[in-house]
Each structure stands twice: as structure tokens, then as C-alpha cells.
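Source file: structure23.cif (mmCIF, C-alpha atoms)
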```
data_work
#
loop_
_atom_site.label_atom_id
_atom_site.label_comp_id
_atom_site.auth_asym_id
_atom_site.auth_seq_id
_atom_site.Cartn_x
_atom_site.Cartn_y
_atom_site.Cartn_z
CA MET A 723 -14.08 17.67 -68.27
CA VAL A 724 -16.63 17.20 -65.47
CA SER A 725 -18.25 20.45 -64.37
CA ARG A 726 -17.60 21.78 -60.87
CA LYS A 727 -21.34 21.84 -60.16
CA LEU A 728 -21.65 18.13 -60.93
CA MET A 729 -18.59 17.37 -58.83
CA GLY A 730 -20.07 19.38 -55.96
CA VAL A 731 -23.31 17.41 -56.06
CA TRP A 732 -21.39 14.15 -56.19
CA ALA A 733 -19.21 15.18 -53.24
CA ALA A 734 -22.27 16.12 -51.17
CA LEU A 735 -23.92 12.77 -51.88
CA ASP A 736 -20.70 10.96 -51.06
CA VAL A 737 -20.48 12.73 -47.70
CA LEU A 738 -24.06 11.65 -46.95
CA LEU A 739 -23.06 8.08 -47.80
CA LEU A 740 -20.16 8.36 -45.35
CA ALA A 741 -22.46 9.79 -42.66
CA ALA A 742 -25.02 7.01 -43.16
CA GLY A 743 -22.36 4.36 -42.74
CA ALA A 744 -20.85 6.05 -39.68
CA VAL A 745 -24.24 6.46 -37.97
CA SER A 746 -25.18 2.86 -38.68
CA VAL A 747 -21.91 1.56 -37.23
CA ALA A 748 -22.05 3.91 -34.22
CA PHE A 749 -25.60 3.03 -33.17
CA SER A 750 -24.97 -0.68 -33.75
CA ILE A 751 -22.13 -0.46 -31.22
CA VAL A 752 -23.67 1.95 -28.69
CA TRP A 753 -27.00 0.10 -28.52
CA ARG A 754 -25.21 -3.09 -27.48
CA ALA A 755 -24.78 -1.58 -24.02
CA GLU A 756 -26.70 -3.30 -21.22
CA ASN A 757 -30.23 -1.92 -21.24
CA THR A 758 -32.90 -4.52 -20.57
CA LEU A 759 -35.78 -2.85 -22.37
CA LEU A 760 -33.74 -1.60 -25.34
CA ASN A 761 -32.10 -5.01 -25.68
CA LEU A 762 -35.54 -6.61 -25.87
CA VAL A 763 -36.76 -4.21 -28.56
CA ILE A 764 -33.55 -4.13 -30.61
CA THR A 765 -31.92 -7.55 -30.53
CA SER A 766 -28.25 -8.35 -31.11
CA ASN A 767 -29.19 -9.81 -34.51
CA TYR A 768 -30.61 -6.45 -35.57
CA LEU A 769 -27.46 -4.71 -34.38
CA THR A 770 -25.27 -7.18 -36.27
CA VAL A 771 -27.21 -6.50 -39.47
CA GLY A 772 -26.94 -2.76 -38.81
CA LEU A 773 -23.20 -3.08 -38.27
CA ALA A 774 -22.79 -5.06 -41.49
CA LEU A 775 -24.83 -2.47 -43.38
CA GLY A 776 -22.75 0.36 -41.94
CA ILE A 777 -19.48 -1.32 -42.85
CA THR A 778 -20.81 -1.94 -46.37
CA LEU A 779 -21.72 1.74 -46.76
CA LEU A 780 -18.30 2.82 -45.49
CA ALA A 781 -16.62 0.40 -47.90
CA THR A 782 -18.74 1.84 -50.71
CA PHE A 783 -17.55 5.33 -49.75
CA VAL A 784 -13.91 4.23 -49.95
CA LEU A 785 -14.59 2.59 -53.32
CA SER A 786 -16.23 5.79 -54.58
CA ILE A 787 -13.09 7.80 -53.78
CA GLY A 788 -10.99 5.35 -55.77
CA ALA A 789 -13.47 5.38 -58.66
CA ILE A 790 -13.57 9.16 -58.97
CA ILE A 791 -9.81 9.76 -58.87
CA GLN A 792 -9.01 7.22 -61.59
CA LYS A 793 -7.96 8.41 -65.02
CA ASN A 794 -10.70 9.77 -67.29
CA HIS A 795 -10.48 6.95 -69.84
CA VAL A 796 -10.81 4.26 -67.17
CA THR A 797 -14.40 3.50 -66.20
CA LEU A 798 -14.10 0.15 -64.44
CA GLY A 799 -14.14 1.77 -61.00
CA LEU A 800 -17.35 3.66 -61.74
CA VAL A 801 -19.01 0.53 -63.09
CA VAL A 802 -18.10 -1.42 -59.94
CA LEU A 803 -19.30 1.52 -57.83
CA ASN A 804 -22.67 1.55 -59.57
CA TYR A 805 -23.21 -2.16 -58.95
CA THR A 806 -22.10 -1.73 -55.31
CA LEU A 807 -24.59 1.13 -54.83
CA LEU A 808 -27.30 -1.06 -56.35
CA ILE A 809 -26.46 -3.85 -53.87
CA ASP A 810 -26.54 -1.30 -51.00
CA ALA A 811 -29.96 -0.07 -52.12
CA ILE A 812 -31.35 -3.61 -52.36
CA GLY A 813 -29.99 -4.40 -48.89
CA ILE A 814 -31.59 -1.30 -47.39
CA VAL A 815 -34.93 -2.08 -49.02
CA ILE A 816 -34.82 -5.66 -47.70
CA ILE A 817 -33.99 -4.51 -44.16
CA GLY A 818 -36.62 -1.78 -44.24
CA THR A 819 -39.26 -4.18 -45.56
CA TYR A 820 -38.47 -6.71 -42.84
CA ILE A 821 -38.78 -4.07 -40.12
CA TRP A 822 -42.07 -2.86 -41.63
CA PHE A 823 -43.52 -6.38 -41.65
CA PHE A 824 -42.28 -6.89 -38.08
CA THR A 825 -44.15 -3.79 -36.88
CA LEU A 826 -47.38 -5.09 -38.42
CA GLN A 827 -47.27 -7.94 -35.87
CA GLU A 828 -45.09 -6.34 -33.22
CA ARG A 829 -47.33 -7.25 -30.27
CA ASN A 830 -47.13 -10.95 -31.13
CA ASN A 831 -43.48 -10.74 -32.14
CA PHE A 832 -42.50 -9.17 -28.84
CA GLN A 833 -44.43 -11.91 -27.04
CA VAL A 834 -42.05 -14.42 -28.62
CA ARG A 835 -39.10 -12.43 -27.28
CA TRP A 836 -40.80 -12.12 -23.88
CA ALA A 837 -41.19 -15.90 -23.75
CA ALA A 838 -37.57 -16.42 -24.78
CA ALA A 839 -36.26 -14.07 -22.06
CA SER A 840 -35.02 -15.48 -18.76
CA SER A 841 -37.10 -15.22 -15.59
CA ALA A 842 -34.63 -12.67 -14.18
CA THR A 843 -35.00 -10.51 -17.30
CA ARG A 844 -38.80 -10.64 -17.15
CA ILE A 845 -38.77 -9.66 -13.46
CA LYS A 846 -36.48 -6.73 -14.24
CA LEU A 847 -38.78 -5.57 -17.06
CA GLN A 848 -41.87 -5.93 -14.86
CA ASP A 849 -40.23 -3.82 -12.16
CA GLN A 850 -39.07 -1.21 -14.67
CA LEU A 851 -42.37 -0.95 -16.52
CA GLN A 852 -44.61 -1.55 -13.48
CA CYS A 853 -46.60 -4.38 -15.15
CA CYS A 854 -47.17 -8.10 -14.71
CA GLY A 855 -47.15 -10.66 -17.54
CA TYR A 856 -47.30 -9.88 -21.23
CA PHE A 857 -50.88 -9.94 -22.58
CA ASN A 858 -52.37 -10.67 -19.13
CA GLY A 859 -51.47 -11.92 -15.68
CA ASN A 860 -51.46 -15.52 -16.86
CA ASP A 861 -49.09 -14.86 -19.76
CA LEU A 862 -45.65 -15.65 -18.33
CA ALA A 863 -45.98 -13.33 -15.35
CA GLU A 864 -43.02 -13.77 -13.02
CA ILE A 865 -43.56 -13.54 -9.26
CA GLY A 866 -40.74 -11.63 -7.64
CA GLY A 867 -39.00 -8.29 -7.73
CA SER A 868 -40.58 -5.16 -6.30
CA PHE A 869 -43.81 -4.91 -8.33
CA CYS A 870 -45.33 -8.34 -9.00
CA THR A 871 -44.71 -9.44 -5.43
CA SER A 872 -47.35 -12.15 -5.14
CA ARG A 873 -49.68 -14.33 -7.21
CA ASP A 874 -52.68 -12.75 -5.49
CA LEU A 875 -51.58 -9.29 -6.63
CA VAL A 876 -51.19 -10.49 -10.23
CA ILE A 877 -54.55 -12.26 -10.25
CA GLY A 878 -56.21 -9.16 -8.81
CA LEU A 879 -55.11 -6.92 -11.68
CA ASN A 880 -57.97 -5.58 -13.82
CA ASN A 881 -57.76 -7.32 -17.22
CA SER A 882 -59.60 -4.44 -18.90
CA VAL A 883 -56.75 -2.05 -18.02
CA THR A 884 -54.15 -2.93 -20.64
CA SER A 885 -51.46 -0.85 -18.92
CA ASN A 886 -51.40 -3.43 -16.11
CA PHE A 887 -49.63 -5.79 -18.50
CA CYS A 888 -46.33 -5.39 -20.32
CA VAL A 889 -47.45 -5.55 -23.95
CA GLN A 890 -48.46 -1.88 -24.04
CA PRO A 891 -45.37 -0.27 -22.46
CA ILE A 892 -43.02 -2.47 -24.49
CA THR A 893 -44.62 -1.72 -27.88
CA ASN A 894 -44.94 1.99 -27.07
CA PHE A 895 -41.47 2.33 -25.60
CA ALA A 896 -39.48 3.59 -28.55
CA ASP A 897 -41.64 6.48 -29.72
CA THR A 898 -43.83 7.58 -26.81
CA THR A 899 -41.84 7.70 -23.60
CA LEU A 900 -39.92 10.99 -23.85
CA ASN A 901 -42.30 12.76 -26.24
CA ASN A 902 -45.37 12.11 -24.12
CA ILE A 903 -43.68 13.10 -20.85
CA PHE A 904 -43.00 16.50 -22.39
CA THR A 905 -46.55 16.71 -23.75
CA PHE A 906 -48.06 15.87 -20.36
CA HIS A 907 -45.92 18.53 -18.71
CA VAL A 908 -47.08 21.22 -21.15
CA LEU A 909 -50.74 20.21 -20.87
CA LEU A 910 -50.70 20.14 -17.07
CA LYS A 911 -49.07 23.57 -17.01
CA GLN A 912 -51.65 25.02 -19.42
CA ARG A 913 -54.48 23.55 -17.39
CA ALA A 914 -53.11 24.95 -14.12
CA GLN A 915 -52.64 28.42 -15.63
CA LEU A 916 -56.21 28.51 -16.90
CA GLN A 917 -57.57 27.29 -13.57
CA ALA A 918 -55.51 29.88 -11.69
CA THR A 919 -56.78 32.68 -13.94
CA SER A 920 -60.37 31.56 -13.46
CA SER A 921 -59.92 31.40 -9.68
CA ALA A 922 -58.39 34.87 -9.55
CA THR A 923 -61.29 36.43 -11.44
CA SER A 924 -63.95 34.21 -9.79
CA THR A 925 -65.43 33.68 -13.24
CA VAL A 926 -64.98 31.06 -15.92
CA SER A 927 -65.57 32.19 -19.47
CA ALA A 928 -67.10 29.91 -22.06
CA GLU A 929 -63.84 30.00 -24.00
CA ALA A 930 -61.79 29.01 -20.92
CA THR A 931 -64.22 26.18 -20.19
CA LYS A 932 -63.83 24.85 -23.73
CA VAL A 933 -60.01 25.09 -23.60
CA LEU A 934 -59.93 23.29 -20.24
CA ALA A 935 -62.15 20.55 -21.65
CA ASP A 936 -59.90 20.19 -24.71
CA ILE A 937 -56.80 19.95 -22.52
CA GLN A 938 -58.43 17.30 -20.33
CA ASP A 939 -59.50 15.33 -23.39
CA GLU A 940 -55.93 15.37 -24.70
CA ILE A 941 -54.55 14.28 -21.32
CA THR A 942 -57.09 11.45 -21.27
CA SER A 943 -56.26 10.46 -24.85
CA LEU A 944 -52.61 10.09 -23.81
CA GLY A 945 -53.59 7.69 -21.07
CA GLY A 946 -54.20 10.06 -18.17
CA LEU A 947 -52.03 10.56 -15.11
CA GLU A 948 -51.41 6.82 -14.74
CA GLN A 949 -49.78 6.60 -18.15
CA TYR A 950 -47.74 9.72 -17.37
CA GLN A 951 -46.48 8.05 -14.17
CA ARG A 952 -45.63 4.87 -16.08
CA MET A 953 -43.57 6.76 -18.65
CA SER A 954 -41.87 8.76 -15.91
CA ALA A 955 -40.93 5.52 -14.16
CA VAL A 956 -39.25 4.33 -17.38
CA GLY A 957 -37.64 7.73 -17.92
CA GLN A 958 -36.23 7.76 -14.39
CA GLY A 959 -35.03 4.15 -14.40
CA ILE A 960 -31.34 3.34 -14.02
CA ASP A 961 -31.24 2.28 -17.67
CA ARG A 962 -32.24 5.83 -18.63
CA GLY A 963 -29.85 7.69 -16.34
CA GLY A 964 -32.07 7.89 -13.26
CA GLY A 965 -31.40 6.48 -9.79
CA SER A 966 -30.99 9.79 -7.95
CA GLU A 967 -31.55 7.95 -4.66
CA ARG A 968 -28.01 6.63 -5.02
CA VAL A 969 -26.70 10.20 -4.83
CA LEU A 970 -28.73 10.85 -1.67
CA ILE A 971 -27.64 7.60 -0.01
CA LYS A 972 -23.98 8.37 -0.70
CA TRP A 973 -24.28 11.88 0.73
CA LEU A 974 -26.03 10.62 3.87
CA LYS A 975 -23.23 8.09 4.34
CA ASP A 976 -20.62 10.80 3.80
CA LEU A 977 -22.23 12.68 6.70
CA GLY A 978 -21.99 9.56 8.85
CA LEU A 979 -25.73 9.29 9.31
CA HIS A 980 -25.68 5.52 8.76
CA ARG A 981 -23.48 4.75 11.75
CA ALA A 982 -24.64 3.48 15.14
CA ARG A 983 -28.10 5.00 15.13
CA GLN A 984 -30.57 4.17 17.88
CA THR A 985 -33.44 4.83 15.47
CA LYS A 986 -33.67 4.73 11.70
CA LEU A 987 -33.70 7.90 9.61
CA ARG A 988 -37.29 8.84 8.83
CA LEU A 989 -37.22 9.56 5.07
CA LEU A 990 -40.17 10.96 3.12
CA GLU A 991 -39.84 10.27 -0.62
CA VAL A 992 -42.17 12.58 -2.55
CA GLY A 993 -43.30 11.58 -6.04
CA ALA A 994 -42.22 7.97 -5.60
CA LEU A 995 -42.80 5.75 -8.62
CA LYS A 996 -41.06 2.65 -7.27
CA PRO A 997 -41.36 1.28 -3.73
CA ASP A 998 -37.88 -0.23 -3.43
CA ASN A 999 -35.55 2.73 -4.01
CA TYR A 1000 -34.11 2.53 -0.48
CA ASN A 1001 -34.13 -1.23 0.11
CA ILE A 1002 -30.32 -1.34 0.10
CA CYS A 1003 -30.18 0.84 3.23
CA ALA A 1004 -33.22 -0.58 5.05
CA ASN A 1005 -31.14 -1.24 8.18
CA TRP A 1006 -30.71 2.49 8.85
CA VAL A 1007 -33.39 4.25 6.74
CA GLN A 1008 -37.15 3.99 7.26
CA PRO A 1009 -38.64 5.31 4.00
CA THR A 1010 -42.20 6.47 3.47
CA SER A 1011 -43.10 6.82 -0.21
CA ILE A 1012 -45.94 9.05 -1.41
CA ASP A 1013 -47.33 10.07 -4.79
CA LEU A 1014 -50.40 11.80 -6.18
CA ARG A 1015 -51.64 8.50 -7.55
CA SER A 1016 -50.19 5.37 -6.06
CA ARG A 1017 -49.43 2.48 -8.38
CA HIS A 1018 -48.19 0.13 -5.67
CA PRO A 1019 -49.56 -0.89 -2.25
CA SER A 1020 -46.33 0.31 -0.59
CA ILE A 1021 -46.71 3.85 -1.99
CA VAL A 1022 -49.13 6.08 -0.06
CA GLU A 1023 -51.50 8.13 -2.23
CA GLN A 1024 -50.93 11.65 -0.93
CA ASP A 1025 -50.62 15.16 -2.35
CA PHE A 1026 -47.58 16.73 -0.68
CA LEU A 1027 -49.18 20.17 -0.99
CA GLN A 1028 -52.13 18.93 1.11
CA ILE A 1029 -49.95 17.75 4.00
CA ASP A 1030 -50.85 19.37 7.31
CA PRO A 1031 -47.63 21.03 8.56
CA ALA A 1032 -48.93 20.98 12.15
CA GLU A 1033 -49.58 17.24 12.02
CA HIS A 1034 -46.16 16.54 10.48
CA TYR A 1035 -44.23 19.16 12.45
CA HIS A 1036 -40.56 18.05 12.84
CA LYS A 1037 -41.61 14.54 11.82
CA TRP A 1038 -39.07 13.81 9.08
CA ASP A 1039 -35.28 13.51 9.17
CA VAL A 1040 -34.91 13.54 5.38
CA ILE A 1041 -37.24 14.68 2.58
CA SER A 1042 -36.50 13.80 -1.04
CA LEU A 1043 -37.87 16.04 -3.81
CA SER A 1044 -36.29 14.29 -6.78
CA LEU A 1045 -37.71 15.31 -10.16
CA VAL A 1046 -40.76 16.71 -8.39
CA LEU A 1047 -40.61 20.52 -8.54
CA ASN A 1048 -40.15 20.51 -12.32
CA PHE A 1049 -43.51 18.73 -12.76
CA VAL A 1050 -45.44 21.08 -10.49
CA PRO A 1051 -47.12 23.44 -12.99
CA VAL A 1052 -47.53 26.56 -10.80
CA PRO A 1053 -44.38 28.46 -9.66
CA GLN A 1054 -45.99 29.47 -6.33
CA ASP A 1055 -46.77 25.82 -5.56
CA ARG A 1056 -43.11 24.96 -6.11
CA GLY A 1057 -42.16 27.57 -3.52
CA ARG A 1058 -44.85 26.31 -1.16
CA MET A 1059 -43.49 22.76 -1.44
CA LEU A 1060 -40.08 24.00 -0.28
CA SER A 1061 -41.66 25.91 2.61
CA ILE A 1062 -43.69 22.87 3.70
CA ALA A 1063 -40.53 20.75 3.56
CA HIS A 1064 -38.82 23.19 5.93
CA ASP A 1065 -41.79 23.16 8.31
CA ILE A 1066 -42.01 19.38 8.63
CA LEU A 1067 -38.29 18.57 8.77
CA ALA A 1068 -36.78 17.89 12.15
CA PRO A 1069 -34.07 20.29 13.40
CA LYS A 1070 -30.88 19.60 11.43
CA GLY A 1071 -32.98 17.52 9.03
CA HIS A 1072 -32.01 17.30 5.37
CA LEU A 1073 -33.74 18.22 2.11
CA PHE A 1074 -32.59 16.46 -1.05
CA LEU A 1075 -33.40 18.36 -4.24
CA ALA A 1076 -32.91 16.97 -7.77
CA LEU A 1077 -33.81 18.92 -10.90
CA PRO A 1078 -33.10 18.68 -14.63
CA SER A 1079 -30.07 20.88 -15.20
CA ALA A 1080 -32.00 22.97 -17.74
CA CYS A 1081 -34.30 24.23 -14.97
CA VAL A 1082 -31.46 26.26 -13.47
CA ASN A 1083 -28.90 26.53 -16.27
CA ASN A 1084 -31.21 27.48 -19.12
CA SER A 1085 -34.09 29.28 -17.42
CA ARG A 1086 -35.07 32.86 -18.11
CA TYR A 1087 -36.05 33.42 -14.47
CA LEU A 1088 -33.88 31.07 -12.38
CA ASP A 1089 -30.18 30.39 -12.08
CA ILE A 1090 -28.12 28.57 -9.48
CA PRO A 1091 -27.21 31.64 -7.36
CA THR A 1092 -30.89 32.63 -7.25
CA LEU A 1093 -31.94 29.10 -6.27
CA LYS A 1094 -29.39 29.08 -3.45
CA ALA A 1095 -30.56 32.49 -2.23
CA MET A 1096 -34.18 31.30 -2.24
CA LEU A 1097 -33.38 28.22 -0.18
CA ALA A 1098 -31.36 30.29 2.26
CA ALA A 1099 -34.24 32.75 2.59
CA ILE A 1100 -36.59 30.05 3.89
CA GLY A 1101 -34.03 28.50 6.23
CA PHE A 1102 -31.92 25.94 4.34
CA LYS A 1103 -28.12 25.68 4.47
CA GLU A 1104 -26.47 23.99 1.50
CA ILE A 1105 -24.07 21.20 2.45
CA ARG A 1106 -23.68 19.25 -0.80
CA GLU A 1107 -23.95 20.15 -4.50
CA ARG A 1108 -23.43 18.20 -7.71
CA TRP A 1109 -23.89 19.51 -11.23
CA LYS A 1110 -21.81 20.19 -14.34
CA GLU A 1111 -22.39 22.14 -17.52
CA GLY A 1112 -23.81 19.82 -20.17
CA ARG A 1113 -25.02 17.21 -17.68
CA LYS A 1114 -28.74 16.41 -17.57
CA MET A 1115 -29.24 16.48 -13.79
CA ALA A 1116 -28.35 18.71 -10.84
CA TYR A 1117 -28.46 17.67 -7.17
CA TRP A 1118 -28.34 19.51 -3.84
CA LEU A 1119 -28.50 18.50 -0.19
CA TYR A 1120 -29.65 21.11 2.34
CA GLU A 1121 -29.73 21.14 6.11
CA ARG A 1122 -32.66 22.70 7.92
CA ALA A 1123 -31.76 25.86 9.82
CA GLU A 1124 -33.82 28.55 11.45
CA VAL A 1125 -35.11 31.39 9.26
CA SER A 1126 -32.94 34.41 10.00
CA ASP A 1127 -34.65 37.02 7.84
CA LEU A 1128 -38.34 36.64 7.11
CA CYS A 1129 -38.29 39.67 4.80
CA SER A 1130 -35.66 38.20 2.47
CA ARG A 1131 -38.18 35.88 0.84
CA GLU A 1132 -40.24 38.87 -0.35
CA GLN A 1133 -37.77 39.42 -3.20
CA PHE A 1134 -38.79 36.03 -4.63
CA THR A 1135 -42.52 36.64 -4.98
CA LYS A 1136 -42.37 37.94 -8.56
CA LYS A 1137 -40.65 36.81 -11.72
CA LYS A 1138 -37.44 38.63 -12.66
CA VAL A 1139 -35.78 38.17 -16.02
CA LEU A 1140 -32.19 37.08 -15.38
CA ARG A 1141 -31.19 36.01 -18.87
CA GLN A 1142 -32.31 36.77 -22.40
CA GLY A 1143 -32.37 34.55 -25.46
CA ASN A 1144 -33.85 31.16 -26.16
CA ARG A 1145 -34.61 30.04 -22.60
CA ASN A 1146 -37.28 28.04 -20.79
CA ASN A 1147 -39.70 29.66 -18.31
CA PHE A 1148 -39.09 27.50 -15.25
CA CYS A 1149 -39.16 29.47 -12.00
CA ILE A 1150 -39.95 29.16 -8.29
CA LEU A 1151 -41.92 31.79 -6.43
CA PHE A 1152 -43.04 32.26 -2.81
#
```
Starting from the file, give its structure as C-alpha cells.
Amino acid sequence: MVSRKLMGVWAALDVLLLAAGAVSVAFSIVWRAENTLLNLVITSNYLTVGLALGITLLATFVLSIGAIIQKNHVTLGLVVLNYTLLIDAIGIVIIGTYIWFFTLQERNNFQVRWAAASSATRIKLQDQLQCCGYFNGNDLAEIGGSFCTSRDLVIGLNNSVTSNFCVQPITNFADTTLNNIFTFHVLLKQRAQLQATSSATSTVSAEATKVLADIQDEITSLGGLEQYQRMSAVGQGIDRGGGSERVLIKWLKDLGLHRARQTKLRLLEVGALKPDNYNICANWVQPTSIDLRSRHPSIVEQDFLQIDPAEHYHKWDVISLSLVLNFVPVPQDRGRMLSIAHDILAPKGHLFLALPSACVNNSRYLDIPTLKAMLAAIGFKEIRERWKEGRKMAYWLYERAEVSDLCSREQFTKKKVLRQGNRNNFCILF
């Protein structure tokens, strides 16, 4: 008679076998979806092998059930199961070894895949990753798209800056993109807090100086602001659930702002990482793209917080702050960005705001009613809203109105705890 403890251990291991097979099959199917960069890194052959492995593991699970419920004096099922498990193990070792050897030469191996890709695919990757060619500008660089627009631009790229070429973003894609975006955000926030403390006290301690230097070294080791922008461009690409400009364009059309206009809508896109987001509506929108550090000739290098409100007074019909406020490290600067947007929008102009849903749905200091009250306090009337529980993004469209109560914004100058528990600390202050 087999002990219950032994049966329990066997059952647990069998469930893990089932889970391994299910995960292998699931990812092999899901990852077949159209995603240019992922499809380059994980080919259909890999997914076919993964699917075969998953099916084999699931078949082994079914066989194990049959082997364990057979009569005690019959051992054939267990013998077959043991050999099947041995074959599974050998298969996993072979696959793992192949992947390990591939990673030893991944830069060269991906070059082979780059060369085998079509011109259209290479152009799409260059636009997505903001790079030209593979190892350098002469290594199968495609002229076209929105980034590598001319041969002169490609030739003019600095060969000593490896991020100008696609080998680095491709090989780093799988394990650096999301993790490093989060790391950059934390480091920038820590640096801003230390700088703000030093400014408030008019002194900089030796300890604060050392911490600031360490933070800057870590930012530099991660590739600096340029690498952060590159990863953000990948993270915000359509393949990764981005494309918030499509939401804005639809809402502007819903309002009829695309019809029979004598002049184009003057749109200011803040934090632009790609210059072609509004090409599809170029006949009625005149976009101006700005960012702290431009990576394209069509993007103006400009800090939105340094804009002169008097110079830009009523200049813009639409301002887009998409995934911008959440990367501003100081809460008061987030509030100041919203105030500047109100100052420089034309009467009845529109502010488009896009934030990760967690900023308002899982913050200790900010929720959606508070955000709406803040925007109303500085003179914005909400006309469109799109968010759902569990979704990653939240979007709003506001119309500029006159400020009716200057005192109402005073209630938003200090943090107030709205929710307890495991929350993030995102907030906006005036």
C-alpha cells in the first residue's frame, strides 16, 4: 500500500508537469500574434518546438494518470511512464542547450535574421527601435519610414554610439525594456527629491552629494536619458499596447474638429518619441512635437516646464500629455505642467491626458474624483473619458474654460491620504 505522503508528493509533481505543458502550449500560441520585434526574436520554428514540447508534456501527464490508477500488480504503465519522462528530460536539455549556445552568439545570429527579413520588416523595426542598420549604417540599413528618412541621415550617424544601430536594442529587448524603464523612473524620482531637499535648505551635505553622484552613475550605466527614451519608444509602440494618439484623433473627429476648417488644428505633442504619430491626419492637424532630448530632426528639443506662457499665450488648439505626467518626478511640477497647459491653450482648446491606470486607481494620494476636481479647479471641463478596471491605460479629454474659483486649487497643495494598503505614491500637487 502506497503511503498518502508519497501519493501527495507524486500528485504535486504531476500537477507541475501539467502546468509546464499548459504554459508551453499557451505561450507557443500567444506569441504567434503579429509583433514585429517579438517575431524576430522568437521565430515560428521556436514556437513550433515549444508547442511540440508542451503537447508531449501534456501527453505524459495523461499517461501518468493511467499508470497510477492501474492495478497494483501491473507495472507496465509505470515503466512506460519512466521512459517517457526520460525522453521529456532529454528533449528539454537539448532545447535548453541550443538556446544557451544561441545566446553566446546572439548578436551574429540576429544579424542573420535581420538579413533574412523583408525590407518592409526592417523599416518597421528601424522606426520602432529608432535605429538604422544592424551593426552600422552600411549593414542593411533601409531608407524609408519615419526614422531613417535619407541616406545622408544614416551616413551622418555616429558609429561610436552603438544605440544608433539596431543590434543593441534587438539583443537587449527581451530582458531590459520594462525593467529598465521602471529603474529609470525610480532613479529620476530619487534624484529630484534629493535636489529639492538641497534647494530648500540651501545646503548640500556630503552624504547627499555622494548619493546624487551614485544615482547619476547608475543612470549613466543604464545608458542615460537617451537609452530611457529608446526603451520608452518600444514600450509605447503599437506592438506593446501604445498608440494613444489614435484615441485623441478619434475624439477630435467625434467633436467634428476635422471638418471644413479654414486653418489646421495647432497640436503640441509633449514628450514625443516618434515624429509621425499624426501623419494620418496631416490635412487637418498641424503637429509640433517636443521632448527633453530630441532623437529626430522633426522633434524640437524643449522642456515643457521652461515654456514661456506669455510667449505661447493662447497659441495651441490641442495639447497632448500622453504618458508624460507619470515620468515627471516632482508632484508640484506635474501640477505646474497642467497649469501651463491651461495658460497656453486657446479658448475652447483641448487638453489630452493619458496616464497608466495605476496612477489613479492604485495611488495612495490620487483617485479619479480627485483628479477631476483638480482639473476643474484650474479651469478644465471634462468632455471625454476612457478607462476600465484592470486596463493598463486611462484617457481624458478636457476643454479649456475660465477659472471660476481661484481658491479651490489651494486644497490640492498638500498630499492627503485617500486610501490605505499596498498602494503607489503617485500624486499631483499645485
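The two atoms in question, CA of Ile814 (chain A) and CA of Ile892 (chain A), are spaced 25.6 Å apart.
Using only C-alpha atoms for every distance, the candidate list A:Lys1094, A:His1064, A:Arg1122, A:Lys1110 yields A:Lys1110 as the residue closest to Pro1078 (chain A).
Here CA of Leu875 (chain A) and CA of Asn831 (chain A) stand 26.8 Å from one another.
Distances here use all atoms listed in the file; by that measure, the residue among A:Asp1013, A:Glu1111, A:Glu756, A:Asp736 closest to Ser1079 (chain A) is A:Glu1111.
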Exercise. Check the smallest atom-to-atom distance from each of A:Phe869, A:Phe832, A:Phe887, A:Tyr1087 to Asn1147 (chain A) using only C-alpha atoms, then report the winner.
Key: A:Tyr1087
Would you kindly translate the PyMOL selection byres ((chain A and resi 766) around 12) into the concrete residues it picks from this file, as a compact mmCIF listing (two decimals) with C-alpha atoms, in the frame of the given file?
```txt
# COMPACT_ATOMS: atom_id res chain seq x y z
CA PHE A 749 -25.60 3.03 -33.17
CA SER A 750 -24.97 -0.68 -33.75
CA ILE A 751 -22.13 -0.46 -31.22
CA VAL A 752 -23.67 1.95 -28.69
CA TRP A 753 -27.00 0.10 -28.52
CA ARG A 754 -25.21 -3.09 -27.48
CA ALA A 755 -24.78 -1.58 -24.02
CA GLU A 756 -26.70 -3.30 -21.22
CA ASN A 757 -30.23 -1.92 -21.24
CA LEU A 760 -33.74 -1.60 -25.34
CA ASN A 761 -32.10 -5.01 -25.68
CA LEU A 762 -35.54 -6.61 -25.87
CA VAL A 763 -36.76 -4.21 -28.56
CA ILE A 764 -33.55 -4.13 -30.61
CA THR A 765 -31.92 -7.55 -30.53
CA ASN A 767 -29.19 -9.81 -34.51
CA TYR A 768 -30.61 -6.45 -35.57
CA LEU A 769 -27.46 -4.71 -34.38
CA THR A 770 -25.27 -7.18 -36.27
CA VAL A 771 -27.21 -6.50 -39.47
CA GLY A 772 -26.94 -2.76 -38.81
CA LEU A 773 -23.20 -3.08 -38.27
```
